[in-house]
Every structure is written in structure tokens, then in C-alpha cells.
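Have a look at the structure below before the remarks.
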Amino acid sequence: MKPNHVHVTEMDQYERSAEFVDVMLAPVWTALDPVLAETLRGAPGPVVDVGAGGGHGTRVIARAMPQAEIFAVEPSRGLRAVLLARVNEDPELRDRVTVLPGDLLRATLPPRLGTLVAMNVIGHFDPTGRRTIWRLLAERLLPGGRAVLNLQPPAEPMAVPHTRFSELCIGRRRYEGWGRAEPAGPEQVTWRMTYRVFQDGEPAEEVEVEYAWWVLGPDRLKAELSEHGLHVNPTGLTDLGLWCITRSPE
Ligand SMILES: C[S@@+](CC[C@H](N)C(=O)[O-])C[C@H]1O[C@@H](n2cnc3c(N)ncnc32)[C@H](O)[C@@H]1O
């Protein structure tokens, strides 16, 4: 196999925030874990975990599908380091999770796919990128196969006020994650995230990042999928925004 050349200039939207993102997603995964596990019950492998981040979801997939091979695709070097370490430390994961660097749309994946999981990530794909994913599902999903994703608000390009979405203490340090969004064109918002760190109550560090997010609501999702002959149904509690995609109606 020819080695992939990694371009150091490649944009990593999580370069500055990777150290905070995985720990701040942990409470989100406490809620997602049982619903994703239930939605994956009986699904076939192999599995693609799109934008696996530090691997919270990879771990849920591995537990819910104990025989399946998993391809965890993660372009951010910082988050991929967390992912690789998490996979390496668990023998259940190490034997059957392959960590793939880079963009999903350029990843070399198995010719047939049992399951695709895209948690907290679909807004990173523009409409053309989404169409590529839907085509991949329509062409490669095995019988009984499925894709699971979540839609995160806002569904329209609108402002979201500055909100604290995460707070946790590790040792003497307290970590806060804040975010606000502003409309950026007809289908996008710009998220501005602020990560604040306090030690013994005093401000110690502040990191600000911003990234583009393509908004997507259920109606648009259904319309795009039906163009590819795919079906979609909500799954789990409505506030989690989880959807399950199949090739034939459930
Ligand atoms: C908010 S994080 C979610 C991580 C993980 N899925 C979770 O829920 O814990 C979004 C992830 O998507 C990844 N990502 C962004 N664009 C991507 C792309 N084109 N292909 C694959 N992953 C991508 C980012 O690097 C990041 O790890």
C-alpha cells in the first residue's frame, strides 16, 4: 500500500480545541450511549464511525456490535491521538478498530458497509459532501444495514446566544465550554467556541476557536435521502435528534 502523504497545511478545525473537546463530550455521550446502542442492535458490520473524535462513540459501537470490524475515521491529529490511545488501551477495541486519518470523503473504505455512524459531525459536510455520503449509503449498504446520525440545532441559519454547554473539574482545574453561533449565508452558521480554564478559582487559560457548520433539519434530510432511495426515521428521545437511515422502509 502506498503511504498517504499528510499535508501539514491541511486545516484542522480542532487543532486548538482538541484537548478540551473529548472531555467536554463525555456527558453528552452519557445520554447518547444507550440510544445509539439500541439503534445498532442487530446491525451488520463493518462499521464506519465518521469523525470519531476521541472515540466515545467508537466504544459504544464496539460494545453494541461485539463481532463487527470498525473503521474510525478522524481527520484531526489532536483528537486522533486521543482516539488511538483509547483504542490501544482496550483489548476489545484494539483487535478490530482501525483508525483512519483524513476526511471521510477521501477515505478508503470497505466495498460493502454494514453500518455508518455519524455523531455530532454532519454539519461539517456541505450539501455536496452530504450527497456523496448518501450515494455511498445507497450504493454500498448491505441488506439490513443502517446509518445513524444526529441533527444538532439550529436547523436554520440563525443566531444562538453565548451559552455555557459544559463544565467539569479535573484536579485543581475547572473547565468551561461556551459557544455562540451567527448566521453565515443561507445554509451555514459560524460557531464561536470559548474554552475557559480556572485553577483554584482564578482564570488560568482561555482558548477561542471558530468553525463553519452547515445547518440541516429533518425535512431537508428526508428530501435529500429520498433522492437516493433512502428512508429515515427518528430514533430515541426527540431531544437527542437521532435518526436512523435504511435502504428499505422499516
Ligand atoms: C464534534 S466532533 C464529534 C466527535 C465524535 N463523533 C463524538 O461525538 O464524540 C466532530 C468530529 O468530526 C470530525 N470531522 C470534521 N470534518 C470531517 C470530515 N470531513 N470527515 C471525517 N471527520 C470529520 C472532526 O475532526 C471531529 O473529530
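Just so we're on the same page: first chain in the C-alpha cells is A, next is B, and so on; residues restart at 1 for each chain, and ligands are numbered from 1 in the order they show up.
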Item to check | Expected answer as number ranges by chain: residues within 10 Å of ligand 1, only C-alpha atoms and all ligand atoms | outcome: A: 11-15, 18, 21-26, 28-29, 32, 49-58, 72-80, 83, 100-107, 117-126, 129-130, 149-150, 213
Next on the checklist: For the structure I just gave you, how does DSSP split range 45-141 of chain A - specifically, which residues are alpha helix (DSSP H)? Reply as an MDAnalysis selection string.
Outcome noted: chainID A and resid 56:64 77:89 91:94 127:140
Checklist entry - Mind checking DSSP for range 128-221 of chain A and telling me the strand (DSSP E or B) residues as a PyMOL selection string? => result chain A and resi 141-150+160-170+173-183+188-199+202-214
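If you measure from each of A:Leu40, A:Val60, A:Val232, A:Met158 to Glu187 in chain A using only C-alpha atoms, the closest one turns out to be A:Met158.
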Checklist entry - Of the candidates A:Ala62, A:Gly114, A:Thr128, A:Glu182, which shows the shortest atom-to-atom distance to Asp90 in chain A, using only C-alpha atoms? => result A:Ala62
Checklist entry - Quick one: distance from CA of Glu156 in chain A to CA of Arg196 in chain A in Å, one decimal? => result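 Between CA of Glu156 in chain A and CA of Arg196 in chain A the gap works out to 28.0 Å.
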Checklist entry - Which residue out of A:Leu142, A:Leu137, A:Leu116, A:Cys244 has the minimum interatomic distance to Pro218 in chain A when only C-alpha atoms are used? => result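 Once distances to Pro218 in chain A are computed over only C-alpha atoms, the minimum belongs to A:Cys244.
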Checklist entry - Within 12 Å of Glu227 in chain A, counting only C-alpha atoms, which residues qualify if same-chain residues fewer than 5 places away don't, as a PyMOL selection string? => result chain A and resi 131+134-135+138+220-222+247
Got time to write the residues from that selection, C-alpha atoms, as a short mmCIF file (atom, residue, chain, number, x, y, z; two decimals), in the first residue's frame?
data_model
loop_
_atom_site.label_atom_id
_atom_site.label_comp_id
_atom_site.auth_asym_id
_atom_site.auth_seq_id
_atom_site.Cartn_x
_atom_site.Cartn_y
_atom_site.Cartn_z
CA ARG A 131 -24.74 13.96 -1.27
CA TRP A 134 -25.95 9.48 0.76
CA ARG A 135 -24.66 8.00 -2.52
CA ALA A 138 -27.31 3.89 -1.43
CA ARG A 220 -34.23 18.67 4.24
CA LEU A 221 -32.61 15.44 5.46
CA LYS A 222 -35.65 13.41 4.36
CA ARG A 247 -32.36 1.38 2.24
#
Item to check | One-decimal distance in Å that lies between CA of Gln152 in chain A and CA of Glu206 in chain A | outcome: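 Straight-line distance from CA of Glu206 in chain A to CA of Gln152 in chain A works out to 25.2 Å.
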Checklist entry - Using only C-alpha atoms, which of A:Leu84, A:Val97, A:Leu151, A:Cys169 sits nearest Asp239 in chain A? => result A:Leu151
Which residues are near Tyr175 in chain A? Cut-off 12 Å, only C-alpha atoms, ignore same chain within fewer than 4 positions. Put them as a PDB file with C-alpha atoms, in the first residue's frame.
ATOM      1  CA  GLU A  19      -7.567  18.967  24.357  1.00  0.00           C
ATOM      2  CA  PHE A  20     -10.995  20.130  25.604  1.00  0.00           C
ATOM      3  CA  VAL A  21     -13.403  18.532  23.104  1.00  0.00           C
ATOM      4  CA  VAL A  23     -13.645  15.549  27.913  1.00  0.00           C
ATOM      5  CA  MET A  24     -16.477  18.002  27.244  1.00  0.00           C
ATOM      6  CA  ARG A 164     -22.260  27.522  28.560  1.00  0.00           C
ATOM      7  CA  PHE A 165     -22.650  23.961  27.324  1.00  0.00           C
ATOM      8  CA  SER A 166     -20.147  22.176  29.508  1.00  0.00           C
ATOM      9  CA  GLU A 167     -18.432  22.461  32.867  1.00  0.00           C
ATOM     10  CA  LEU A 168     -16.197  19.948  34.606  1.00  0.00           C
ATOM     11  CA  CYS A 169     -13.485  19.763  37.240  1.00  0.00           C
ATOM     12  CA  ILE A 170     -10.299  17.772  36.850  1.00  0.00           C
ATOM     13  CA  GLY A 171      -7.859  18.079  39.723  1.00  0.00           C
ATOM     14  CA  THR A 194     -14.585  29.671  24.060  1.00  0.00           C
ATOM     15  CA  TYR A 195     -12.866  27.239  26.401  1.00  0.00           C
ATOM     16  CA  ARG A 196     -12.070  28.721  29.821  1.00  0.00           C
ATOM     17  CA  VAL A 197      -9.843  27.111  32.406  1.00  0.00           C
ATOM     18  CA  PHE A 198      -9.696  28.171  36.066  1.00  0.00           C
ATOM     19  CA  GLN A 199      -7.276  26.972  38.699  1.00  0.00           C
ATOM     20  CA  ASP A 200      -8.223  27.425  42.355  1.00  0.00           C
ATOM     21  CA  GLY A 201     -10.974  29.761  41.122  1.00  0.00           C
ATOM     22  CA  GLU A 202      -8.624  32.045  39.158  1.00  0.00           C
ATOM     23  CA  PRO A 203      -8.683  32.309  35.334  1.00  0.00           C
ATOM     24  CA  ALA A 204      -5.718  30.284  34.018  1.00  0.00           C
ATOM     25  CA  GLU A 205      -6.283  29.929  30.272  1.00  0.00           C
ATOM     26  CA  GLU A 206      -8.728  30.874  27.548  1.00  0.00           C
ATOM     27  CA  VAL A 207      -8.874  29.397  24.047  1.00  0.00           C
TER      28      VAL A 207
END
Checklist entry - Distance CA of Thr132 in chain A-CA of Leu242 in chain A, one decimal place? => result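 Taking CA of Thr132 in chain A as the start and CA of Leu242 in chain A as the end point, the length is 20.3 Å.
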Checklist entry - So which residues touch Ala64 in chain A within 9 Å, counting only C-alpha atoms, skipping near sequence neighbours fewer than 2 positions away, as a list in words? => result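 Near neighbours after the sequence-gap exclusion: Leu36, Ala37, Glu38, Leu40, Arg41, Gly42, Arg59, Val60, Ile61, Ala62 and Pro66 of chain A.
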Just write the chosen residues, all heavy atoms, as a compact mmCIF listing (two decimals), in the first residue's frame.
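The resulting part_17.txt:
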# COMPACT_ATOMS: atom_id res chain seq x y z
N LEU A 36 -27.92 5.05 21.08
CA LEU A 36 -27.14 4.57 19.93
C LEU A 36 -26.99 3.05 20.01
O LEU A 36 -27.19 2.35 19.01
CB LEU A 36 -25.76 5.25 19.89
CG LEU A 36 -24.86 4.79 18.75
CD1 LEU A 36 -25.49 5.09 17.38
CD2 LEU A 36 -23.47 5.44 18.84
N ALA A 37 -26.70 2.55 21.21
CA ALA A 37 -26.53 1.09 21.37
C ALA A 37 -27.80 0.36 20.93
O ALA A 37 -27.74 -0.65 20.22
CB ALA A 37 -26.18 0.76 22.82
N GLU A 38 -28.94 0.87 21.33
CA GLU A 38 -30.22 0.24 20.98
C GLU A 38 -30.46 0.31 19.46
O GLU A 38 -30.91 -0.66 18.85
CB GLU A 38 -31.36 0.95 21.75
CG GLU A 38 -32.75 0.43 21.51
CD GLU A 38 -32.91 -1.05 21.85
OE1 GLU A 38 -32.19 -1.52 22.75
OE2 GLU A 38 -33.73 -1.72 21.19
N LEU A 40 -28.29 0.35 17.18
CA LEU A 40 -27.33 -0.50 16.46
C LEU A 40 -27.58 -1.99 16.67
O LEU A 40 -26.97 -2.82 16.00
CB LEU A 40 -25.90 -0.17 16.91
CG LEU A 40 -25.38 1.21 16.55
CD1 LEU A 40 -23.99 1.42 17.12
CD2 LEU A 40 -25.38 1.42 15.03
N ARG A 41 -28.50 -2.30 17.59
CA ARG A 41 -28.71 -3.72 17.92
C ARG A 41 -29.10 -4.53 16.67
O ARG A 41 -30.02 -4.16 15.94
CB ARG A 41 -29.83 -3.83 18.96
CG ARG A 41 -29.88 -5.21 19.61
CD ARG A 41 -31.28 -5.51 20.09
NE ARG A 41 -31.70 -4.62 21.15
CZ ARG A 41 -31.67 -4.95 22.44
NH1 ARG A 41 -31.24 -6.12 22.80
NH2 ARG A 41 -32.10 -4.11 23.34
N GLY A 42 -28.35 -5.58 16.38
CA GLY A 42 -28.64 -6.46 15.23
C GLY A 42 -28.12 -5.94 13.91
O GLY A 42 -28.30 -6.58 12.88
N ARG A 59 -16.44 3.40 21.16
CA ARG A 59 -16.56 2.48 22.29
C ARG A 59 -17.99 1.93 22.40
O ARG A 59 -18.18 0.74 22.64
CB ARG A 59 -16.18 3.25 23.56
CG ARG A 59 -15.68 2.41 24.66
CD ARG A 59 -14.89 3.20 25.67
NE ARG A 59 -15.52 4.47 26.07
CZ ARG A 59 -14.94 5.32 26.91
NH1 ARG A 59 -13.78 5.06 27.42
NH2 ARG A 59 -15.56 6.43 27.22
N VAL A 60 -18.97 2.80 22.18
CA VAL A 60 -20.37 2.36 22.24
C VAL A 60 -20.65 1.35 21.11
O VAL A 60 -21.28 0.32 21.32
CB VAL A 60 -21.34 3.57 22.12
CG1 VAL A 60 -22.78 3.10 22.08
CG2 VAL A 60 -21.12 4.54 23.28
N ILE A 61 -20.16 1.67 19.91
CA ILE A 61 -20.36 0.78 18.75
C ILE A 61 -19.76 -0.59 19.05
O ILE A 61 -20.38 -1.63 18.82
CB ILE A 61 -19.71 1.38 17.48
CG1 ILE A 61 -20.36 2.71 17.10
CG2 ILE A 61 -19.77 0.40 16.31
CD1 ILE A 61 -19.55 3.54 16.10
N ALA A 62 -18.54 -0.58 19.57
CA ALA A 62 -17.83 -1.85 19.81
C ALA A 62 -18.60 -2.71 20.81
O ALA A 62 -18.67 -3.93 20.68
CB ALA A 62 -16.41 -1.58 20.30
N PRO A 66 -20.47 -6.61 19.10
CA PRO A 66 -19.23 -7.22 19.58
C PRO A 66 -18.44 -8.00 18.54
O PRO A 66 -17.28 -8.30 18.78
CB PRO A 66 -19.69 -8.13 20.73
CG PRO A 66 -21.17 -8.23 20.65
CD PRO A 66 -21.67 -7.12 19.78
